[in-house]
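A short worksheet on the structure shown next.
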Amino acid sequence: MDDFVGKIERSDLKDGDHIYAWRNIYTHHGIYIGEGKIIHFVNPKGNGNPIKNLIGFSTASSSGGEEAKTPCKNSFCKLEKVAGSGVKMSCIDCFIKNRSLHRFKYKVSREFLLLQAVGGSCTTAESDPPEEVIHRATYLFENGYGKYDLTNNNCEDFALYCKTGLWSTDKKYQGRSGQGNMIHPTSKDKKDNDFGKRLLQITTAIPRSFSKRDDKDLGIRTDVVKVPVEMLAFFCASLK
Ligand SMILES: [Zn+2]
């Protein structure tokens with residue numbers, strides 16, 4: 001049984017689940033496709049900590065914060081079918097890294113959504129059947145999935161798309177993830193290269209995001225449409 005924050009046991013895992021696990025101050029998301037395998041999206045440029053990447057640091061090693069101290073015994077683990085795409089397959093151990101496992105909730109009420117202390121754990125949008133979810137995740141694993149962007153196209157955006165097939169028609173701001181919406185500066189903020197100013201923008205964007213959280217939710221916003229996974233690359237290229 002899921003509790004209020006979606007914590008589950010491994011035995012509760014169902015094929016097609018959108019799951020997540022805490023890293024340090026963010027959660028990493030993926031799709032469980034069965035047989036102990038998870039497909040997830042990481043920054044292909046290799047940054048163990050995406051927050052560091054956002055505020056201007058880059059780290060040389062790691063892949064989405066999933067480096068293990070000892071090599072994994074599962075041959076499929078950390079497999080990236082399209083080199084450099086950032087879409088990887090991992091085992092449960094390497095994905096959750098000794099943290100607790102959570103299941104992202106779909107079709108929650110607007111009230112429940114607003115009760116969450118932080119974004120990135122639930123949506124009012126409805127999930128498609130597991131076969132469709134697994135098809136999308138597998139297709140993207142085999143064909144790649146666009147450019148990583150912490151606030152516009154991150155691991156949570158990937159999982160949300162696999163679950164719903166929904167994509168924004170707004171080329172400027174694609175971000176659908178609860179976490180991305182918490183740190184995405186408003187349109188008034190220009191991206192500033194100055195470290196201090198950028199950090200201030202991000203910090204103040206968090207309280208600002210609370211009052212608007214439901215406006216940005218995938219199930220509530222009106223600028224999203226269903227896009228078949230085979231058409232996704234074409235659809236993105238056609239956005240003006
Ligand atoms: Zn592993």
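In the structure tokens, chains take the letters A, B, ... in the order shown, each chain's residues start at 1, and ligands count up from 1 in the order shown.
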Residues of chain A that approach ligand 1 to 10 Å or less, counting only C-alpha atoms and all ligand atoms: could you list each one with the shortest pair of atoms and its distance in Å to one decimal, rows by chain and increasing residue number, as a tab-separated table?
residue	atom	partner	partner_atom_place_in_ligand_line	distance
A:Gly36	CA	ligand 1	1 (Zn)	9.5
A:Lys37	CA	ligand 1	1 (Zn)	9.0
A:Ile38	CA	ligand 1	1 (Zn)	9.8
A:Glu66	CA	ligand 1	1 (Zn)	9.0
A:Glu67	CA	ligand 1	1 (Zn)	9.3
A:Ala68	CA	ligand 1	1 (Zn)	8.0
A:Thr70	CA	ligand 1	1 (Zn)	9.6
A:Pro71	CA	ligand 1	1 (Zn)	7.6
A:Cys72	CA	ligand 1	1 (Zn)	4.4
A:Lys73	CA	ligand 1	1 (Zn)	6.6
A:Asn74	CA	ligand 1	1 (Zn)	5.6
A:Ser75	CA	ligand 1	1 (Zn)	8.1
A:Phe76	CA	ligand 1	1 (Zn)	7.8
A:Cys77	CA	ligand 1	1 (Zn)	4.6
A:Lys78	CA	ligand 1	1 (Zn)	6.8
A:Leu79	CA	ligand 1	1 (Zn)	9.6
A:Met89	CA	ligand 1	1 (Zn)	8.8
A:Ser90	CA	ligand 1	1 (Zn)	5.4
A:Cys91	CA	ligand 1	1 (Zn)	4.3
A:Ile92	CA	ligand 1	1 (Zn)	6.7
A:Asp93	CA	ligand 1	1 (Zn)	5.8
A:Cys94	CA	ligand 1	1 (Zn)	4.3
A:Phe95	CA	ligand 1	1 (Zn)	7.3
A:Ile96	CA	ligand 1	1 (Zn)	9.8
A:Lys97	CA	ligand 1	1 (Zn)	9.4
Notebook entry, point to check: Using only C-alpha atoms, which residues sit within 7 Å of A:Gly6 once same-chain residues fewer than 4 positions away are excluded, as a list of chain:residue names?
Noted result: A:Asp2, A:His102, A:Arg103, A:Phe104, A:Lys105
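With only C-alpha atoms as the basis for measurement, A:Leu218 is the residue among A:Val82, A:Leu13, A:Leu218, A:Leu113 that approaches A:Trp167 most closely.
Note that atom CA of A:Gly86 and atom CA of A:Asn143 are 10.8 Å apart.
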Next item on the list: List the neighbours of A:Glu230 out to 12 Å using only C-alpha atoms; skip same-chain residues closer than 5 positions along the sequence, and give me the result as number ranges by chain.
Entry: A: 135-140, 142-145, 165, 235-236
Would you write out those residues with C-alpha atoms, as a tab-separated table (two decimals), in the first residue's frame?
chain	number	residue	atom	x	y	z
A	135	HIS	CA	6.09	0.81	-24.79
A	136	ARG	CA	6.95	4.52	-24.55
A	137	ALA	CA	9.82	3.95	-22.10
A	138	THR	CA	11.26	1.11	-24.18
A	139	TYR	CA	10.93	3.07	-27.43
A	140	LEU	CA	12.75	6.05	-25.92
A	142	GLU	CA	15.98	2.37	-28.02
A	143	ASN	CA	15.73	5.68	-29.87
A	144	GLY	CA	16.75	8.43	-27.47
A	145	TYR	CA	14.76	11.22	-25.90
A	165	GLY	CA	1.91	10.62	-23.50
A	235	PHE	CA	6.44	16.88	-32.99
A	236	CYS	CA	9.20	18.62	-31.00
Next item on the list: Kindly indicate which residue among A:Thr222, A:Thr164, A:Ser85, A:Ser11 lies nearest to A:Asp128, using only C-alpha atoms for the distances.
Entry: A:Thr164
